[in-house]
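Next up, protein-v4.cif (mmCIF, C-alpha atoms):
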data_my_file
#
loop_
_atom_site.group_PDB
_atom_site.id
_atom_site.type_symbol
_atom_site.label_atom_id
_atom_site.label_comp_id
_atom_site.auth_asym_id
_atom_site.auth_seq_id
_atom_site.Cartn_x
_atom_site.Cartn_y
_atom_site.Cartn_z
ATOM 1 C CA MET A 19 2.695 14.522 13.798
ATOM 2 C CA SER A 20 0.985 17.739 12.725
ATOM 3 C CA ALA A 21 -2.772 18.149 12.302
ATOM 4 C CA ASP A 22 -2.626 17.689 8.537
ATOM 5 C CA GLU A 23 -0.741 14.382 8.759
ATOM 6 C CA PHE A 24 -2.249 10.917 9.027
ATOM 7 C CA GLU A 25 -0.454 7.846 10.356
ATOM 8 C CA ARG A 26 -1.565 4.282 10.956
ATOM 9 C CA VAL A 27 0.397 1.136 11.768
ATOM 10 C CA TYR A 28 -0.845 -2.282 10.595
ATOM 11 C CA GLU A 29 0.356 -5.705 11.730
ATOM 12 C CA VAL A 30 0.974 -8.206 8.916
ATOM 13 C CA ALA A 31 1.152 -11.885 9.876
ATOM 14 C CA GLY A 32 3.663 -14.199 8.207
ATOM 15 C CA LYS A 33 2.256 -17.134 6.149
ATOM 16 C CA ASP A 34 -1.337 -15.960 6.562
ATOM 17 C CA PHE A 35 -2.348 -16.300 2.902
ATOM 18 C CA THR A 36 -6.082 -15.948 3.584
ATOM 19 C CA ASN A 37 -5.737 -12.386 4.837
ATOM 20 C CA ALA A 38 -2.815 -11.398 2.598
ATOM 21 C CA GLY A 39 -3.757 -8.159 0.867
ATOM 22 C CA ARG A 40 -6.369 -7.072 3.379
ATOM 23 C CA VAL A 41 -4.178 -4.274 4.742
ATOM 24 C CA SER A 42 -3.507 -2.902 1.250
ATOM 25 C CA THR A 43 -7.155 -2.889 0.164
ATOM 26 C CA GLY A 44 -7.939 -1.067 3.449
ATOM 27 C CA ILE A 45 -5.214 1.493 2.714
ATOM 28 C CA LYS A 46 -6.645 2.005 -0.753
ATOM 29 C CA ASP A 47 -10.081 2.771 0.727
ATOM 30 C CA ILE A 48 -8.551 5.260 3.185
ATOM 31 C CA LEU A 49 -6.632 7.099 0.446
ATOM 32 C CA LYS A 50 -9.682 7.184 -1.825
ATOM 33 C CA GLY A 51 -11.684 8.607 1.077
ATOM 34 C CA MET A 52 -9.103 11.382 1.428
ATOM 35 C CA GLY A 53 -9.784 12.455 -2.150
ATOM 36 C CA ILE A 54 -6.305 11.526 -3.432
ATOM 37 C CA PRO A 55 -6.329 11.152 -7.275
ATOM 38 C CA PRO A 56 -7.207 7.578 -8.373
ATOM 39 C CA ALA A 57 -3.988 7.083 -10.399
ATOM 40 C CA ILE A 58 -1.881 7.851 -7.303
ATOM 41 C CA VAL A 59 -4.083 5.701 -5.063
ATOM 42 C CA ARG A 60 -3.592 2.829 -7.502
ATOM 43 C CA ARG A 61 0.209 3.184 -7.468
ATOM 44 C CA VAL A 62 0.331 3.226 -3.659
ATOM 45 C CA ALA A 63 -2.066 0.263 -3.440
ATOM 46 C CA ILE A 64 -0.026 -1.838 -5.901
ATOM 47 C CA ALA A 65 3.248 -1.099 -4.094
ATOM 48 C CA SER A 66 1.597 -1.783 -0.739
ATOM 49 C CA TYR A 67 0.085 -5.071 -1.904
ATOM 50 C CA GLU A 68 3.370 -6.383 -3.317
ATOM 51 C CA ALA A 69 5.159 -5.390 -0.096
ATOM 52 C CA GLU A 70 2.438 -6.977 2.041
ATOM 53 C CA MET A 71 2.665 -10.200 0.012
ATOM 54 C CA ASN A 72 6.434 -10.242 0.549
ATOM 55 C CA VAL A 73 5.958 -9.977 4.320
ATOM 56 C CA VAL A 74 3.373 -12.781 4.261
ATOM 57 C CA MET A 75 5.417 -15.039 1.987
ATOM 58 C CA TYR A 76 8.980 -14.573 3.180
ATOM 59 C CA SER A 77 8.955 -13.379 6.791
ATOM 60 C CA TYR A 78 7.642 -14.292 10.226
ATOM 61 C CA GLY A 79 5.546 -11.120 10.213
ATOM 62 C CA GLY A 80 5.996 -7.399 10.393
ATOM 63 C CA THR A 81 4.400 -3.998 10.283
ATOM 64 C CA LEU A 82 3.229 -1.732 7.530
ATOM 65 C CA THR A 83 3.063 1.954 8.440
ATOM 66 C CA LEU A 84 1.056 4.362 6.319
ATOM 67 C CA LYS A 85 1.811 8.071 6.575
ATOM 68 C CA VAL A 86 0.016 10.700 4.558
ATOM 69 C CA SER A 87 1.180 14.303 4.507
ATOM 70 C CA PRO A 88 0.123 17.103 2.149
ATOM 71 C CA ALA A 89 3.293 16.378 0.119
ATOM 72 C CA ASP A 90 3.392 12.583 -0.097
ATOM 73 C CA VAL A 91 2.216 9.121 0.905
ATOM 74 C CA THR A 92 4.859 7.024 2.661
ATOM 75 C CA LEU A 93 4.722 3.296 3.350
ATOM 76 C CA THR A 94 7.309 1.808 5.688
ATOM 77 C CA VAL A 95 7.270 -1.968 5.662
ATOM 78 C CA ALA A 96 9.448 -3.700 8.240
ATOM 79 C CA ASP A 97 9.544 -7.460 8.645
ATOM 80 C CA ARG A 98 11.188 -9.928 10.997
ATOM 81 C CA GLY A 99 12.672 -12.694 8.922
ATOM 82 C CA PRO A 100 15.623 -14.157 7.113
ATOM 83 C CA GLY A 101 16.518 -10.912 5.317
ATOM 84 C CA ILE A 102 17.883 -10.712 1.774
ATOM 85 C CA GLN A 103 21.404 -11.952 0.990
ATOM 86 C CA ASP A 104 21.858 -10.012 -2.242
ATOM 87 C CA ILE A 105 19.554 -7.020 -2.715
ATOM 88 C CA GLY A 106 20.844 -6.368 -6.257
ATOM 89 C CA LEU A 107 19.804 -9.871 -7.275
ATOM 90 C CA ALA A 108 16.421 -9.577 -5.525
ATOM 91 C CA MET A 109 15.721 -6.385 -7.491
ATOM 92 C CA GLN A 110 16.157 -8.200 -10.818
ATOM 93 C CA GLU A 111 12.899 -9.102 -12.564
ATOM 94 C CA GLY A 112 12.489 -12.861 -12.606
ATOM 95 C CA TYR A 113 14.793 -13.627 -9.679
ATOM 96 C CA SER A 114 12.905 -15.377 -6.888
ATOM 97 C CA THR A 115 13.386 -17.742 -3.979
ATOM 98 C CA ALA A 116 9.648 -18.481 -3.797
ATOM 99 C CA THR A 117 8.265 -21.908 -2.962
ATOM 100 C CA GLN A 118 5.596 -23.743 -4.961
ATOM 101 C CA GLU A 119 2.976 -22.686 -2.377
ATOM 102 C CA MET A 120 3.789 -19.008 -2.988
ATOM 103 C CA ARG A 121 3.628 -19.463 -6.755
ATOM 104 C CA GLU A 122 0.200 -21.072 -6.423
ATOM 105 C CA MET A 123 -0.947 -17.803 -4.829
ATOM 106 C CA GLY A 124 -0.141 -16.006 -8.099
ATOM 107 C CA PHE A 125 3.028 -14.424 -6.722
ATOM 108 C CA GLY A 126 6.663 -15.417 -6.282
ATOM 109 C CA ALA A 127 7.862 -14.881 -9.851
ATOM 110 C CA GLY A 128 10.463 -12.285 -9.000
ATOM 111 C CA MET A 129 8.288 -9.301 -9.883
ATOM 112 C CA GLY A 130 7.459 -7.939 -6.424
ATOM 113 C CA LEU A 131 10.364 -5.612 -5.648
ATOM 114 C CA PRO A 132 10.645 -4.323 -9.254
ATOM 115 C CA ASN A 133 6.872 -3.628 -9.209
ATOM 116 C CA ILE A 134 7.230 -1.692 -5.969
ATOM 117 C CA LYS A 135 10.114 0.364 -7.358
ATOM 118 C CA ARG A 136 8.197 1.077 -10.573
ATOM 119 C CA ASN A 137 5.246 2.526 -8.640
ATOM 120 C CA ALA A 138 7.295 4.556 -6.152
ATOM 121 C CA ASP A 139 8.818 8.006 -6.607
ATOM 122 C CA ASP A 140 11.367 7.149 -3.917
ATOM 123 C CA PHE A 141 12.236 3.634 -2.824
ATOM 124 C CA VAL A 142 14.803 2.507 -0.270
ATOM 125 C CA ILE A 143 15.409 -1.106 0.734
ATOM 126 C CA THR A 144 17.626 -2.212 3.599
ATOM 127 C CA SER A 145 18.086 -5.728 4.857
ATOM 128 C CA GLU A 146 20.020 -7.581 7.490
ATOM 129 C CA VAL A 147 20.489 -11.304 7.022
ATOM 130 C CA GLY A 148 18.957 -13.152 9.954
ATOM 131 C CA ALA A 149 17.044 -10.084 11.190
ATOM 132 C CA GLY A 150 14.700 -8.732 8.511
ATOM 133 C CA THR A 151 14.034 -6.325 5.684
ATOM 134 C CA THR A 152 12.724 -2.762 5.663
ATOM 135 C CA LEU A 153 11.249 -0.940 2.682
ATOM 136 C CA LYS A 154 10.508 2.751 2.500
ATOM 137 C CA ILE A 155 8.180 3.575 -0.363
ATOM 138 C CA GLN A 156 7.214 7.151 -1.121
ATOM 139 C CA VAL A 157 4.759 8.488 -3.671
ATOM 140 C CA HIS A 158 4.595 12.259 -4.140
ATOM 141 C CA LEU A 159 1.273 14.045 -4.118
ATOM 142 C CA LYS A 160 2.679 17.260 -5.585
ATOM 143 C CA MET B 5 -22.715 1.861 -26.037
ATOM 144 C CA ALA B 6 -19.474 2.839 -27.729
ATOM 145 C CA VAL B 7 -18.292 0.521 -30.493
ATOM 146 C CA GLY B 8 -15.289 -1.570 -29.402
ATOM 147 C CA VAL B 9 -16.731 -1.900 -25.935
ATOM 148 C CA MET B 10 -18.490 -5.022 -24.692
ATOM 149 C CA ARG B 11 -20.977 -5.212 -21.896
ATOM 150 C CA LEU B 12 -20.292 -7.900 -19.312
ATOM 151 C CA GLU B 13 -23.529 -9.607 -20.336
ATOM 152 C CA GLU B 14 -22.156 -10.002 -23.888
ATOM 153 C CA VAL B 15 -18.902 -11.410 -22.483
ATOM 154 C CA LYS B 16 -20.957 -13.903 -20.465
ATOM 155 C CA ASN B 17 -22.924 -15.026 -23.543
ATOM 156 C CA LEU B 18 -19.862 -15.215 -25.818
ATOM 157 C CA LEU B 19 -17.952 -17.389 -23.319
ATOM 158 C CA GLY B 20 -20.950 -19.447 -22.167
ATOM 159 C CA ALA B 21 -20.108 -18.256 -18.671
ATOM 160 C CA GLU B 22 -22.128 -18.209 -15.472
ATOM 161 C CA THR B 23 -22.111 -15.478 -12.857
ATOM 162 C CA LEU B 24 -20.917 -16.455 -9.374
ATOM 163 C CA TRP B 25 -22.888 -13.779 -7.557
ATOM 164 C CA PRO B 26 -25.814 -11.600 -8.717
ATOM 165 C CA CYS B 27 -23.629 -8.850 -10.177
ATOM 166 C CA ASP B 28 -24.384 -5.983 -12.544
ATOM 167 C CA LEU B 29 -23.924 -7.251 -16.117
ATOM 168 C CA SER B 30 -24.370 -3.842 -17.723
ATOM 169 C CA VAL B 31 -20.750 -3.019 -16.813
ATOM 170 C CA GLU B 32 -18.773 -2.014 -19.924
ATOM 171 C CA ILE B 33 -15.453 -3.671 -20.740
ATOM 172 C CA GLU B 34 -12.948 -1.829 -22.930
ATOM 173 C CA SER B 35 -9.930 -4.103 -22.532
ATOM 174 C CA VAL B 36 -9.061 -7.647 -21.522
ATOM 175 C CA GLY B 37 -5.940 -9.168 -19.980
ATOM 176 C CA ALA B 38 -5.211 -12.866 -19.424
ATOM 177 C CA ALA B 39 -2.802 -13.972 -16.673
ATOM 178 C CA ASP B 40 -2.339 -16.394 -13.808
ATOM 179 C CA LEU B 41 0.510 -14.420 -12.311
ATOM 180 C CA MET B 42 -0.910 -11.617 -10.189
ATOM 181 C CA SER B 43 2.374 -9.688 -10.196
ATOM 182 C CA ASP B 44 2.006 -9.473 -13.992
ATOM 183 C CA VAL B 45 -1.516 -8.099 -13.569
ATOM 184 C CA LEU B 46 -0.192 -5.540 -11.076
ATOM 185 C CA ALA B 47 2.689 -4.620 -13.402
ATOM 186 C CA LEU B 48 1.018 -4.697 -16.792
ATOM 187 C CA GLY B 49 -2.722 -4.443 -16.160
ATOM 188 C CA TRP B 50 -4.596 -1.206 -16.560
ATOM 189 C CA PRO B 51 -7.609 0.260 -14.796
ATOM 190 C CA GLY B 52 -10.977 -0.935 -16.082
ATOM 191 C CA MET B 53 -9.737 -4.155 -17.668
ATOM 192 C CA LEU B 54 -11.437 -7.536 -17.552
ATOM 193 C CA LEU B 55 -9.162 -10.233 -16.099
ATOM 194 C CA LEU B 56 -9.228 -13.760 -17.513
ATOM 195 C CA THR B 57 -7.470 -16.090 -15.094
ATOM 196 C CA GLY B 58 -7.134 -19.649 -13.891
ATOM 197 C CA LEU B 59 -6.199 -18.449 -10.410
ATOM 198 C CA ALA B 60 -9.358 -18.939 -8.353
ATOM 199 C CA ASN B 61 -8.328 -17.696 -4.928
ATOM 200 C CA MET B 62 -8.397 -14.653 -2.613
ATOM 201 C CA GLN B 63 -5.381 -13.121 -4.334
ATOM 202 C CA ALA B 64 -7.204 -12.843 -7.673
ATOM 203 C CA VAL B 65 -9.954 -10.775 -6.041
ATOM 204 C CA ARG B 66 -7.560 -8.678 -3.946
ATOM 205 C CA THR B 67 -5.416 -8.017 -7.032
ATOM 206 C CA ALA B 68 -8.534 -6.887 -8.884
ATOM 207 C CA ALA B 69 -9.491 -4.587 -5.998
ATOM 208 C CA VAL B 70 -6.002 -3.085 -5.787
ATOM 209 C CA ALA B 71 -5.484 -2.633 -9.541
ATOM 210 C CA ASP B 72 -8.996 -1.327 -10.419
ATOM 211 C CA ILE B 73 -9.852 -4.435 -12.463
ATOM 212 C CA LYS B 74 -13.492 -4.248 -13.525
ATOM 213 C CA ALA B 75 -14.447 -7.937 -13.512
ATOM 214 C CA ILE B 76 -12.909 -11.426 -13.361
ATOM 215 C CA VAL B 77 -13.669 -14.442 -15.569
ATOM 216 C CA PHE B 78 -12.297 -17.750 -14.265
ATOM 217 C CA VAL B 79 -11.434 -20.215 -17.032
ATOM 218 C CA ARG B 80 -11.753 -24.021 -17.212
ATOM 219 C CA GLY B 81 -14.937 -23.932 -15.128
ATOM 220 C CA LYS B 82 -13.070 -22.954 -11.994
ATOM 221 C CA ARG B 83 -15.121 -21.764 -9.036
ATOM 222 C CA PRO B 84 -13.379 -20.201 -6.061
ATOM 223 C CA ALA B 85 -14.324 -20.956 -2.459
ATOM 224 C CA GLN B 86 -17.418 -19.249 -1.052
ATOM 225 C CA ALA B 87 -15.279 -16.856 1.035
ATOM 226 C CA VAL B 88 -13.641 -15.616 -2.185
ATOM 227 C CA ILE B 89 -17.031 -15.032 -3.830
ATOM 228 C CA GLU B 90 -18.191 -13.129 -0.741
ATOM 229 C CA LEU B 91 -15.067 -10.952 -0.800
ATOM 230 C CA ALA B 92 -15.732 -10.121 -4.474
ATOM 231 C CA GLN B 93 -19.317 -9.243 -3.666
ATOM 232 C CA GLN B 94 -18.211 -6.942 -0.819
ATOM 233 C CA SER B 95 -15.651 -5.355 -3.159
ATOM 234 C CA GLY B 96 -18.197 -4.958 -5.986
ATOM 235 C CA ILE B 97 -16.159 -7.057 -8.414
ATOM 236 C CA PRO B 98 -18.282 -9.212 -10.758
ATOM 237 C CA LEU B 99 -17.120 -12.866 -10.986
ATOM 238 C CA LEU B 100 -17.875 -15.176 -13.913
ATOM 239 C CA SER B 101 -16.809 -18.730 -14.670
ATOM 240 C CA THR B 102 -16.472 -20.158 -18.191
ATOM 241 C CA PRO B 103 -15.863 -23.795 -19.130
ATOM 242 C CA MET B 104 -13.461 -22.617 -21.884
ATOM 243 C CA ILE B 105 -9.685 -22.836 -21.620
ATOM 244 C CA MET B 106 -7.789 -19.543 -21.337
ATOM 245 C CA PHE B 107 -6.574 -19.613 -24.965
ATOM 246 C CA ASP B 108 -10.085 -20.037 -26.423
ATOM 247 C CA ALA B 109 -11.684 -17.454 -24.132
ATOM 248 C CA ALA B 110 -8.955 -14.900 -24.865
ATOM 249 C CA GLY B 111 -9.124 -15.621 -28.613
ATOM 250 C CA LEU B 112 -12.894 -15.132 -28.775
ATOM 251 C CA LEU B 113 -12.779 -11.884 -26.811
ATOM 252 C CA TYR B 114 -9.847 -10.613 -28.881
ATOM 253 C CA THR B 115 -11.639 -11.337 -32.160
ATOM 254 C CA GLU B 116 -14.897 -9.765 -31.002
ATOM 255 C CA MET B 117 -13.297 -6.625 -29.620
ATOM 256 C CA ARG B 118 -11.038 -6.243 -32.663
ATOM 257 C CA SER B 119 -14.024 -6.494 -35.014
ATOM 258 C CA ARG B 120 -15.875 -3.830 -33.050
ATOM 259 C CA LYS B 121 -12.807 -1.588 -33.070
ATOM 260 C CA SER B 122 -12.377 -1.931 -36.844
ATOM 261 C CA GLU B 123 -16.090 -1.162 -37.353
ATOM 262 C CA SER B 124 -15.489 1.883 -35.201
ATOM 263 C CA ALA B 125 -12.480 2.904 -37.336
ATOM 264 C CA VAL B 126 -14.514 2.503 -40.561
ATOM 265 C CA GLY B 127 -17.346 4.507 -39.009
ATOM 266 C CA ALA B 128 -14.931 7.237 -37.970
ATOM 267 C CA SER B 129 -13.306 7.481 -41.402
ATOM 268 C CA ARG B 130 -16.721 7.617 -43.111
ATOM 269 C CA HIS B 131 -17.713 10.350 -40.723
ATOM 270 C CA GLU B 132 -14.524 12.283 -41.475
ATOM 271 C CA ARG B 133 -15.199 12.065 -45.213
ATOM 272 C CA GLY B 134 -18.477 13.655 -44.525
#
Go ahead and express the file in the form of structure tokens.
Amino acid sequence: MSADEFERVYEVAGKDFTNAGRVSTGIKDILKGMGIPPAIVRRVAIASYEAEMNVVMYSYGGTLTLKVSPADVTLTVADRGPGIQDIGLAMQEGYSTATQEMREMGFGAGMGLPNIKRNADDFVITSEVGAGTTLKIQVHLK
Amino acid sequence: MAVGVMRLEEVKNLLGAETLWPCDLSVEIESVGAADLMSDVLALGWPGMLLLTGLANMQAVRTAAVADIKAIVFVRGKRPAQAVIELAQQSGIPLLSTPMIMFDAAGLLYTEMRSRKSESAVGASRHERG
């Protein structure tokens, strides 16, 4: 990592609904503190929050890694969990395997992954059934 | 105050709402969105909006913090747990609670903001005519 790059790794606990979103609001404060334009900060924060909620709701836990370079902000979100059987289906708005408990949190309506994609300049999702899911979300600064 | 904009204090009076922590009621509201689904707020909300919701939990406040929502009004007299109110206070997000149902609260705010906007349009056209 060069001197003008920033990296931090956060642990996200599965099923911890009380703290869900804490990592993303912290990331938003860090990016604001770096003087990144508010519209970009908002896009990163929304993508981060949806990804964090997915880790909390669907997995046993994982990590969220924030990297900031002069060119872009990158979030890598890797969870340990059941994985996604059909990524194409999971990317469709409205498709969800959420439980009632997740829906009571205001999430789980099949909007998470599409929301992440909408806010990212580059978005890659990989998943292995029985192992977990990894998202790479990039927002350009230039 | 620009026409078409409501101060939070006016929102509070119009909806017969109470504040849940001693927040700044001079905040100006230019738009309102009503939703219980936080993914919809994240997808369709815009910075500076007032959120009307029946979802009285941590996620409502965290969604507001993430999406630059200016204030939250809980409908049907809902009051979140103390920890949620404290999080809002730390995040500087005003919280109000109204006894009205979502439909009535949204309808009143819509009517009031529309009337201010049309007054503004009339004012602007008069000004243009000189």
- Close residues, Pro84 of chain B itself excluded, 12 Å, all atoms listed in the file, min 3 positions apart in chain, as a count of residues only: 26
- Looking at B:Asn17, B:Ser95, B:Ser119, B:Ser30, which one is nearest to chain A, with distances taken over only C-alpha atoms? B:Ser95
- Item | Neighbours of chain A in chain B at 7 Å, counting all atoms listed in the file, as a list in words |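 The complete set of qualifying residues is Asp40, Leu41, Met42, Ser43, Leu46, Ala47, Leu59, Met62, Gln63, Arg66, Ala69, Val70 and Ala71 of chain B.
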- Using all atoms listed in the file, can you list as a count of residues only the residues within 6 Å of (-1.0, -5.3, 7.5)? 5
- Message: From the options A:Gly79, A:Gly53, A:Gly148, A:Gly112, which residue's atoms come nearest to Ala96 of chain A, counting all atoms listed in the file?
- Response: A:Gly79
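The result of the PyMOL selection byres ((chain A and resi 140-144) around 10) on the shown file is A:Thr92, A:Leu93, A:Thr94, A:Val95, A:Ala96, A:Gly101, A:Ile102, A:Ile105, A:Met109, A:Leu131, A:Ile134, A:Lys135, A:Arg136, A:Asn137, A:Ala138, A:Asp139, A:Ser145, A:Glu146, A:Gly150, A:Thr151, A:Thr152, A:Leu153, A:Lys154, A:Ile155, A:Gln156, A:Val157, A:His158.
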- Show me as a list in words the residues that reach within 9 Å of (-3.0, -5.5, -17.8), counting only C-alpha atoms and using the file's own coordinates. Ser35, Val36, Gly37, Ala38, Ala39, Asp44, Val45, Leu46, Ala47, Leu48, Gly49, Trp50, Pro51, Met53, Leu54, Leu55 and Ile73 of chain B
What would segment 55-68 of chain A look like with N, CA and C atoms in place, written as a PDB file, in the frame of the given file?
ATOM      1  N   PRO A  55      -6.008  11.567  -5.896  1.00  0.00           N
ATOM      2  CA  PRO A  55      -6.329  11.152  -7.275  1.00  0.00           C
ATOM      3  C   PRO A  55      -6.200   9.635  -7.475  1.00  0.00           C
ATOM      4  N   PRO A  56      -7.172   9.036  -8.203  1.00  0.00           N
ATOM      5  CA  PRO A  56      -7.207   7.578  -8.373  1.00  0.00           C
ATOM      6  C   PRO A  56      -5.906   6.969  -8.912  1.00  0.00           C
ATOM      7  N   ALA A  57      -5.222   7.652  -9.825  1.00  0.00           N
ATOM      8  CA  ALA A  57      -3.988   7.083 -10.399  1.00  0.00           C
ATOM      9  C   ALA A  57      -2.900   6.959  -9.320  1.00  0.00           C
ATOM     10  N   ILE A  58      -2.864   7.910  -8.393  1.00  0.00           N
ATOM     11  CA  ILE A  58      -1.881   7.851  -7.303  1.00  0.00           C
ATOM     12  C   ILE A  58      -2.290   6.778  -6.295  1.00  0.00           C
ATOM     13  N   VAL A  59      -3.581   6.733  -5.990  1.00  0.00           N
ATOM     14  CA  VAL A  59      -4.083   5.701  -5.063  1.00  0.00           C
ATOM     15  C   VAL A  59      -3.716   4.318  -5.587  1.00  0.00           C
ATOM     16  N   ARG A  60      -3.876   4.130  -6.889  1.00  0.00           N
ATOM     17  CA  ARG A  60      -3.592   2.829  -7.502  1.00  0.00           C
ATOM     18  C   ARG A  60      -2.112   2.479  -7.368  1.00  0.00           C
ATOM     19  N   ARG A  61      -1.235   3.446  -7.592  1.00  0.00           N
ATOM     20  CA  ARG A  61       0.209   3.184  -7.468  1.00  0.00           C
ATOM     21  C   ARG A  61       0.578   2.794  -6.038  1.00  0.00           C
ATOM     22  N   VAL A  62       0.035   3.539  -5.064  1.00  0.00           N
ATOM     23  CA  VAL A  62       0.331   3.226  -3.659  1.00  0.00           C
ATOM     24  C   VAL A  62      -0.211   1.833  -3.318  1.00  0.00           C
ATOM     25  N   ALA A  63      -1.429   1.548  -3.783  1.00  0.00           N
ATOM     26  CA  ALA A  63      -2.066   0.263  -3.440  1.00  0.00           C
ATOM     27  C   ALA A  63      -1.284  -0.911  -4.028  1.00  0.00           C
ATOM     28  N   ILE A  64      -0.792  -0.753  -5.263  1.00  0.00           N
ATOM     29  CA  ILE A  64      -0.026  -1.838  -5.901  1.00  0.00           C
ATOM     30  C   ILE A  64       1.290  -2.064  -5.145  1.00  0.00           C
ATOM     31  N   ALA A  65       1.984  -0.967  -4.835  1.00  0.00           N
ATOM     32  CA  ALA A  65       3.248  -1.099  -4.094  1.00  0.00           C
ATOM     33  C   ALA A  65       2.999  -1.722  -2.718  1.00  0.00           C
ATOM     34  N   SER A  66       1.940  -1.280  -2.068  1.00  0.00           N
ATOM     35  CA  SER A  66       1.597  -1.783  -0.739  1.00  0.00           C
ATOM     36  C   SER A  66       1.270  -3.279  -0.787  1.00  0.00           C
ATOM     37  N   TYR A  67       0.508  -3.671  -1.782  1.00  0.00           N
ATOM     38  CA  TYR A  67       0.085  -5.071  -1.904  1.00  0.00           C
ATOM     39  C   TYR A  67       1.282  -5.993  -2.162  1.00  0.00           C
ATOM     40  N   GLU A  68       2.171  -5.572  -3.054  1.00  0.00           N
ATOM     41  CA  GLU A  68       3.370  -6.383  -3.317  1.00  0.00           C
ATOM     42  C   GLU A  68       4.221  -6.494  -2.044  1.00  0.00           C
TER      43      GLU A  68
END
